[in-house]
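One file, protein32.cif, carrying mmCIF, C-alpha atoms:
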data_upload
loop_
_atom_site.label_atom_id
_atom_site.label_comp_id
_atom_site.auth_asym_id
_atom_site.auth_seq_id
_atom_site.Cartn_x
_atom_site.Cartn_y
_atom_site.Cartn_z
CA MET O 23 0.00 0.00 0.00
CA LEU O 24 1.20 3.52 -0.75
CA LYS O 25 2.72 5.38 2.13
CA PRO O 26 2.16 9.14 1.73
CA GLN O 27 5.00 11.55 2.46
CA ILE O 28 5.06 15.23 3.29
CA ILE O 29 8.15 16.80 1.81
CA ILE O 30 8.48 19.86 -0.39
CA VAL O 31 10.10 20.35 -3.77
CA THR O 32 11.39 23.70 -4.98
CA GLY O 33 10.77 24.69 -8.57
CA ALA O 34 8.34 22.57 -10.54
CA VAL O 35 6.28 20.56 -8.10
CA VAL O 36 5.39 16.96 -8.75
CA LEU O 37 3.03 15.57 -6.14
CA VAL O 38 3.19 11.85 -5.47
CA ALA O 39 2.41 9.27 -2.83
CA GLY O 40 4.97 6.68 -1.78
CA LEU O 41 7.36 7.30 -4.66
CA PHE O 42 9.07 3.97 -4.04
CA PHE O 43 10.97 4.51 -7.27
CA LEU O 44 12.17 8.00 -6.32
CA PRO O 45 13.75 7.45 -2.89
CA LYS O 46 15.99 10.51 -3.10
CA VAL O 47 13.44 12.96 -4.47
CA VAL O 48 11.54 15.19 -2.08
CA VAL O 49 7.91 15.78 -2.90
CA LYS O 50 4.74 17.22 -1.44
CA ASN O 51 1.90 14.91 -0.55
CA PRO O 52 -1.13 15.80 -2.67
CA SER O 53 -3.69 14.59 -0.19
CA GLY O 54 -2.31 16.82 2.53
CA ILE O 55 -2.07 13.87 4.89
CA ALA O 56 0.60 13.83 7.57
CA THR O 57 1.17 10.28 8.74
CA GLN O 58 2.79 9.83 12.12
CA GLU O 59 5.48 7.77 10.40
CA SER O 60 6.37 10.59 8.02
CA LEU O 61 6.43 13.12 10.85
CA ASN O 62 8.68 10.94 13.00
CA ASN O 63 11.07 10.40 10.09
CA LYS O 64 11.27 14.10 9.33
CA LYS O 65 11.89 15.62 12.78
CA THR O 66 15.31 17.00 11.94
CA GLU O 67 14.30 18.25 8.51
CA THR O 68 11.16 19.76 9.98
CA ALA O 69 13.15 21.85 12.45
CA GLU O 70 15.49 23.00 9.69
CA GLN O 71 12.65 23.92 7.35
CA GLU O 72 10.68 25.75 10.02
CA SER O 73 13.79 27.68 10.98
CA HIS O 74 14.40 28.53 7.33
CA SER O 75 10.78 29.59 6.85
CA MET O 76 11.27 32.27 9.51
CA GLU O 77 14.24 33.79 7.72
CA THR O 78 13.05 37.05 6.22
CA SER O 79 15.27 39.52 4.39
CA GLU O 80 15.45 43.11 5.54
CA SER O 81 13.68 44.17 2.36
CA GLN O 82 10.84 41.74 2.98
CA LYS O 83 10.54 42.88 6.59
CA GLN O 84 10.25 46.46 5.42
CA LYS O 85 7.59 45.50 2.90
CA LEU O 86 5.58 43.66 5.54
CA SER O 87 5.84 46.59 7.92
CA LEU O 88 4.74 49.05 5.23
CA PHE O 89 1.82 46.89 4.11
CA LYS O 90 0.61 46.44 7.69
CA LYS O 91 0.75 50.21 8.34
CA ASN O 92 -1.11 50.94 5.12
CA LEU O 93 -3.72 48.33 5.97
CA LEU O 94 -4.31 49.90 9.37
CA LYS O 95 -4.72 53.32 7.78
CA SER O 96 -7.06 52.09 5.04
CA THR O 97 -10.63 53.32 5.30
CA SER O 98 -12.21 51.61 2.30
CA ILE O 99 -12.73 47.92 1.61
CA GLN O 100 -10.98 48.36 -1.72
CA GLU O 101 -7.82 49.66 -0.03
CA GLN O 102 -7.99 46.99 2.66
CA SER O 103 -8.27 44.31 -0.05
CA GLN O 104 -5.26 45.76 -1.87
CA TRP O 105 -2.98 45.81 1.17
CA THR O 106 -4.21 42.45 2.43
CA ASP O 107 -3.38 40.91 -0.95
CA SER O 108 0.10 42.45 -0.77
CA LEU O 109 0.60 40.97 2.70
CA ILE O 110 -0.59 37.55 1.58
CA VAL O 111 1.80 37.48 -1.38
CA THR O 112 4.74 38.57 0.78
CA PHE O 113 3.98 36.14 3.61
CA LYS O 114 3.81 33.30 1.07
CA ALA O 115 7.15 34.39 -0.37
CA VAL O 116 8.78 33.88 3.05
CA ASN O 117 6.86 30.63 3.72
CA GLN O 118 4.71 32.15 6.47
CA TRP O 119 1.59 30.49 5.16
CA ASP O 120 -0.39 30.64 8.40
CA SER O 121 0.10 34.42 8.59
CA ALA O 122 -1.05 34.76 4.98
CA ALA O 123 -4.18 32.77 5.77
CA ASN O 124 -4.86 34.75 8.93
CA TYR O 125 -4.89 38.06 7.05
CA ALA O 126 -7.05 36.56 4.31
CA GLU O 127 -9.57 35.44 6.93
CA LYS O 128 -9.73 38.89 8.53
CA LEU O 129 -10.66 40.40 5.17
CA SER O 130 -13.22 37.66 4.51
CA ASN O 131 -14.95 38.42 7.79
CA LYS O 132 -15.40 42.01 6.64
CA ILE O 133 -16.46 41.37 3.04
CA ASN O 134 -18.18 38.00 3.57
CA ASP O 135 -18.55 36.99 -0.06
CA GLU O 136 -17.84 33.76 -1.90
CA ALA O 137 -14.66 34.92 -3.63
CA THR O 138 -12.88 36.18 -0.51
CA TRP O 139 -13.84 33.15 1.56
CA LEU O 140 -12.62 30.86 -1.22
CA LYS O 141 -9.28 32.71 -1.26
CA THR O 142 -9.07 32.30 2.51
CA ALA O 143 -9.93 28.61 2.34
CA GLU O 144 -7.38 27.97 -0.41
CA THR O 145 -4.70 29.84 1.54
CA TYR O 146 -5.41 27.77 4.64
CA PHE O 147 -5.30 24.63 2.49
CA GLU O 148 -1.87 25.66 1.18
CA ALA O 149 -0.71 26.37 4.72
CA PHE O 150 -2.05 22.98 5.79
CA THR O 151 -0.19 21.10 3.05
CA PHE O 152 3.11 22.86 3.73
CA ALA O 153 2.96 22.53 7.53
CA LEU O 154 5.00 19.76 9.14
CA ASP O 155 4.14 20.16 12.82
CA SER O 156 1.25 17.83 13.64
CA ALA O 157 -0.58 20.34 15.86
CA LYS O 158 -0.27 23.07 13.25
CA ILE O 159 -1.44 20.70 10.52
CA ARG O 160 -4.63 19.97 12.43
CA THR O 161 -5.29 23.63 13.31
CA LEU O 162 -4.77 24.87 9.77
CA GLY O 163 -6.81 22.01 8.33
CA GLN O 164 -9.72 22.76 10.64
CA LYS O 165 -9.60 26.47 9.77
CA GLY O 166 -9.52 25.62 6.08
CA TYR O 167 -12.50 23.31 6.49
CA THR O 168 -14.46 26.07 8.24
CA ALA O 169 -13.57 28.55 5.48
CA TYR O 170 -14.79 26.14 2.80
CA GLU O 171 -18.02 25.77 4.79
CA LYS O 172 -18.40 29.55 4.56
CA VAL O 173 -17.98 29.31 0.79
CA LEU O 174 -20.71 26.68 0.55
CA SER O 175 -23.02 28.73 2.76
CA LEU O 176 -22.78 31.42 0.06
CA ASN O 177 -22.83 29.04 -2.92
CA GLU O 178 -23.77 25.45 -2.25
CA ASN O 179 -22.73 24.50 -5.80
CA ASN O 180 -19.06 25.42 -5.46
CA LEU O 181 -17.44 22.11 -6.42
CA LEU O 182 -13.91 23.23 -5.56
CA ALA O 183 -14.97 23.88 -1.97
CA GLN O 184 -16.82 20.55 -1.81
CA THR O 185 -13.76 18.69 -3.08
CA LYS O 186 -11.28 20.33 -0.72
CA MET O 187 -13.62 19.86 2.25
CA GLY O 188 -13.68 16.15 1.50
CA VAL O 189 -9.90 16.04 1.34
CA LEU O 190 -9.57 17.89 4.63
CA TYR O 191 -12.21 15.80 6.37
CA LYS O 192 -10.45 12.60 5.34
CA SER O 193 -7.10 13.97 6.49
CA LEU O 194 -8.39 15.23 9.83
CA ASN O 195 -10.34 12.04 10.55
CA PRO O 196 -7.99 9.19 9.59
CA GLN O 197 -9.94 6.69 11.69
CA ALA O 198 -13.18 7.48 9.84
CA PRO O 199 -12.18 8.65 6.36
CA MET O 200 -15.24 7.44 4.44
CA LYS O 201 -17.25 10.64 4.85
CA GLY O 202 -14.46 12.63 3.27
CA ILE O 203 -14.16 10.15 0.40
CA GLN O 204 -17.93 10.27 -0.09
CA MET O 205 -17.81 14.08 -0.24
CA VAL O 206 -15.29 13.94 -3.08
CA SER O 207 -17.22 11.13 -4.79
CA ALA O 208 -20.33 13.33 -4.71
CA VAL O 209 -18.47 15.96 -6.73
CA VAL O 210 -17.64 13.39 -9.41
CA LYS O 211 -21.29 12.35 -9.56
CA LYS O 212 -22.22 15.98 -10.23
CA ASP O 213 -19.33 16.54 -12.63
CA PRO O 214 -17.89 13.27 -14.03
CA LYS O 215 -15.01 15.16 -15.67
CA ASN O 216 -13.93 17.09 -12.61
CA GLU O 217 -10.15 16.66 -12.84
CA MET O 218 -9.34 17.60 -9.25
CA ALA O 219 -12.01 15.41 -7.67
CA LEU O 220 -11.07 12.43 -9.85
CA PHE O 221 -7.41 12.93 -8.98
CA TYR O 222 -8.03 12.98 -5.25
CA LEU O 223 -10.26 9.92 -5.49
CA GLY O 224 -7.46 8.15 -7.33
CA THR O 225 -5.00 8.99 -4.56
CA PHE O 226 -7.47 7.87 -1.90
CA PHE O 227 -7.94 4.48 -3.55
CA ALA O 228 -4.18 4.12 -4.05
CA GLU O 229 -3.50 4.84 -0.38
CA ARG O 230 -5.99 2.11 0.55
CA GLY O 231 -4.35 -0.39 -1.79
CA ALA O 232 -7.35 -0.46 -4.15
CA PHE O 233 -5.12 -0.08 -7.21
CA PRO O 234 -7.63 -1.06 -9.95
CA ASP O 235 -10.04 1.61 -8.65
CA ALA O 236 -7.18 4.10 -8.41
CA ILE O 237 -6.10 3.35 -11.98
CA ASP O 238 -9.65 3.82 -13.24
CA ARG O 239 -9.88 7.34 -11.75
CA LEU O 240 -6.34 8.39 -12.65
CA GLU O 241 -6.68 7.23 -16.25
CA LYS O 242 -9.73 9.47 -16.49
CA VAL O 243 -7.63 12.35 -15.15
CA VAL O 244 -4.91 11.99 -17.79
CA ALA O 245 -7.56 11.61 -20.49
CA ILE O 246 -8.95 14.97 -19.40
CA ASN O 247 -5.54 16.57 -18.91
CA PRO O 248 -2.53 14.71 -20.34
CA LYS O 249 -0.24 17.37 -18.85
CA ASN O 250 -0.99 16.43 -15.25
CA PRO O 251 2.35 15.01 -13.95
CA ASP O 252 0.86 14.10 -10.59
CA ALA O 253 -1.68 11.75 -12.12
CA TRP O 254 0.90 10.12 -14.41
CA ILE O 255 3.25 9.42 -11.50
CA TYR O 256 0.47 7.99 -9.37
CA LEU O 257 -0.54 5.84 -12.34
CA ALA O 258 3.03 4.61 -12.70
CA GLN O 259 3.08 3.48 -9.10
CA CYS O 260 -0.33 1.82 -9.38
CA TYR O 261 0.73 0.07 -12.58
CA GLU O 262 3.85 -1.23 -10.85
CA GLU O 263 1.79 -2.45 -7.90
CA THR O 264 -0.41 -4.39 -10.33
CA GLY O 265 2.48 -5.87 -12.35
CA LYS O 266 2.30 -3.76 -15.52
CA PRO O 267 5.92 -2.73 -16.27
CA GLU O 268 5.22 -1.50 -19.82
CA LYS O 269 2.47 0.74 -18.48
CA VAL O 270 4.89 2.06 -15.86
CA LYS O 271 7.36 2.99 -18.61
CA GLU O 272 4.64 4.64 -20.66
CA ALA O 273 3.37 6.71 -17.73
CA LEU O 274 6.84 7.86 -16.65
CA THR O 275 7.81 8.67 -20.23
CA ASN O 276 4.77 10.93 -20.42
CA VAL O 277 5.97 12.74 -17.29
CA LEU O 278 9.40 13.35 -18.86
CA ALA O 279 7.73 15.38 -21.61
CA LEU O 280 6.24 17.78 -19.05
CA ASP O 281 7.62 20.68 -17.02
CA ILE O 282 9.37 18.91 -14.14
CA SER O 283 12.52 19.65 -12.17
CA PRO O 284 15.87 18.30 -13.45
CA GLU O 285 16.25 16.29 -10.24
CA ILE O 286 12.97 14.46 -10.72
CA LYS O 287 13.64 14.00 -14.44
CA LYS O 288 16.96 12.32 -13.65
CA GLU O 289 15.36 9.91 -11.17
CA LEU O 290 12.54 9.08 -13.56
CA GLU O 291 15.02 8.29 -16.33
CA LYS O 292 16.89 5.97 -13.96
CA LYS O 293 13.66 4.25 -13.03
CA ILE O 294 12.65 3.74 -16.66
CA LYS O 295 16.04 2.18 -17.47
CA SER O 296 15.71 -0.19 -14.51
CA ILE O 297 12.35 -1.63 -15.60
CA ARG O 298 12.58 -5.08 -17.14
#
Can the structure from this file be put into structure tokens for me?
Amino acid sequence: MLKPQIIIVTGAVVLVAGLFFLPKVVVKNPSGIATQESLNNKKTETAEQESHSMETSESQKQKLSLFKKNLLKSTSIQEQSQWTDSLIVTFKAVNQWDSAANYAEKLSNKINDEATWLKTAETYFEAFTFALDSAKIRTLGQKGYTAYEKVLSLNENNLLAQTKMGVLYKSLNPQAPMKGIQMVSAVVKKDPKNEMALFYLGTFFAERGAFPDAIDRLEKVVAINPKNPDAWIYLAQCYEETGKPEKVKEALTNVLALDISPEIKKELEKKIKSIR
């Protein structure tokens, strides 16, 4: 069964699960799931990354200070939106994702419309997926879930919010994941060609060892979008788990044609050569 990992790649991001064939490549887990095993194995790296994330250049500090002052002085919602957006972009640039989400939420509470709550929810989701501390992961995930609920209270047909809520529910309730899976499945029933929902369903099935079901969903994803490297890599792993070496080669070869980092490309080429 696939063992998800939470590690981050710089540059082009390829999101995969176990990546048994890329042992030296660091990746971000697409389902946003922090397993206790992955957290235990990454204690040292976590401390280093969190320390690094707090390193802010003098120029960035000055920008943040200026944006905060301008936000405080702003009297119109338009100005507050402008300076909040500037803060969010800068906080993301220095990997302070929780701060970015916090400012997004403050603005959403004032404006209270679908678009601002969706931006807040997505920012919390990003913060959740990049966090490595287990307590922070849960807190950010719960805040993201609540923000997506706000989106649905304003537009019950927002399929992006429904999908991400399902992902978060499954991640935050590992002992009872079915509700989250059902939430994402409901999106596919409404929109059978929803790439994101199909992709997450594929990863869910793969994590549970249901590889034929995972392959079915992921093949639909690449049929919709052949330039989705995440789906191709998941497919490669599922094909290998089900004894289909030629399919593994085909899937990984398709990834090589896409925009991926040189490091990942090198490892994929090595994997392809090793397949008999």
- Item | Which residue of O:Gln104, O:Ser193, O:Gln84, O:Thr78 approaches Val116 in chain O most closely, using all atoms listed in the file |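 Once distances to Val116 in chain O are computed over all atoms listed in the file, the minimum belongs to O:Thr78.
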- Message: Quick check on the file I pasted: which residues fall under the PyMOL selection byres ((chain O and resi 250-259) around 6)? Write them as a list of chain:residue names.
- Response: O:Val36, O:Leu37, O:Leu240, O:Asn247, O:Pro248, O:Lys249, O:Cys260, O:Tyr261, O:Glu262, O:Val270, O:Ala273, O:Val277
Can you spit out the residues from that selection as an mmCIF file, in the frame of the given file, using C-alpha atoms?
data_model
loop_
_atom_site.group_PDB
_atom_site.id
_atom_site.type_symbol
_atom_site.label_atom_id
_atom_site.label_comp_id
_atom_site.auth_asym_id
_atom_site.auth_seq_id
_atom_site.Cartn_x
_atom_site.Cartn_y
_atom_site.Cartn_z
ATOM 1 C CA VAL O 36 5.390 16.960 -8.750
ATOM 2 C CA LEU O 37 3.030 15.570 -6.140
ATOM 3 C CA LEU O 240 -6.340 8.390 -12.650
ATOM 4 C CA ASN O 247 -5.540 16.570 -18.910
ATOM 5 C CA PRO O 248 -2.530 14.710 -20.340
ATOM 6 C CA LYS O 249 -0.240 17.370 -18.850
ATOM 7 C CA CYS O 260 -0.330 1.820 -9.380
ATOM 8 C CA TYR O 261 0.730 0.070 -12.580
ATOM 9 C CA GLU O 262 3.850 -1.230 -10.850
ATOM 10 C CA VAL O 270 4.890 2.060 -15.860
ATOM 11 C CA ALA O 273 3.370 6.710 -17.730
ATOM 12 C CA VAL O 277 5.970 12.740 -17.290
#
- Skipping near chain neighbours, those fewer than 4 positions away, what residues fall within 7 Å of Gln184 in chain O using all atoms listed in the file, listed as a ChimeraX atom specification? /O:180,188,205-206,209
- Query: What does the distance between CA of Ala115 in chain O and CA of Thr142 in chain O come to in Å, to one decimal place?
  - Reply: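 Between CA of Ala115 in chain O and CA of Thr142 in chain O the gap works out to 16.6 Å.
The interatomic distance for the pair CA of Thr185 in chain O and CA of Met218 in chain O works out to 7.7 Å.
Residues selected in this file by the PyMOL selection byres ((chain O and resi 226) around 10) comprise O:Leu24, O:Ser53, O:Val189, O:Lys192, O:Pro199, O:Gly202, O:Ile203, O:Val206, O:Leu220, O:Phe221, O:Tyr222, O:Leu223, O:Gly224, O:Thr225, O:Phe227, O:Ala228, O:Glu229, O:Arg230, O:Gly231, O:Ala232, O:Phe233, O:Asp235, O:Ala236.
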What are the closest atom pairs, with distances in Å to one decimal, for all residues of range 84-129 of chain O lying within 12 Å of range 153-161 of chain O? Consider all atoms listed in the file, order rows by chain and residue number, and present the result as a tab-separated table.
residue	atom	partner	partner_atom	distance
O:Asn117	CA	O:Ala153	CA	9.8
O:Gln118	CA	O:Ala153	CA	9.8
O:Trp119	CA	O:Ala153	CA	8.4
O:Asp120	CA	O:Ala153	CA	8.8
O:Ala123	CA	O:Thr161	CA	11.9
O:Asn124	CA	O:Thr161	CA	12.0
Can I get the residues of range 104-157 of chain O within 10 Å of range 165-176 of chain O, each with the closest pair of atoms and their distance in Å to one decimal, using all atoms listed in the file, sorted chain first then ascending number, as CSV?
residue,atom,partner,partner_atom,distance
O:Ala123,CA,O:Gly166,CA,8.9
O:Asn124,CA,O:Lys165,CA,9.6
O:Glu127,CA,O:Ala169,CA,8.1
O:Ser130,CA,O:Ala169,CA,9.2
O:Asn134,CA,O:Lys172,CA,8.5
O:Asp135,CA,O:Leu176,CA,7.0
O:Glu136,CA,O:Val173,CA,5.2
O:Ala137,CA,O:Val173,CA,7.9
O:Thr138,CA,O:Val173,CA,8.7
O:Trp139,CA,O:Val173,CA,5.7
O:Leu140,CA,O:Val173,CA,5.9
O:Lys141,CA,O:Ala169,CA,9.0
O:Thr142,CA,O:Ala169,CA,6.6
O:Ala143,CA,O:Gly166,CA,4.8
O:Glu144,CA,O:Gly166,CA,7.2
O:Thr145,CA,O:Gly166,CA,7.9
O:Tyr146,CA,O:Gly166,CA,4.9
O:Phe147,CA,O:Gly166,CA,5.6
O:Glu148,CA,O:Gly166,CA,9.1
O:Ala149,CA,O:Gly166,CA,8.9
O:Phe150,CA,O:Gly166,CA,7.9
- With all atoms listed in the file as the atoms that count, which of O:Glu217, O:Thr112, O:Lys95, O:Thr275 lies nearest to Glu241 in chain O?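 Once distances to Glu241 in chain O are computed over all atoms listed in the file, the minimum belongs to O:Glu217.
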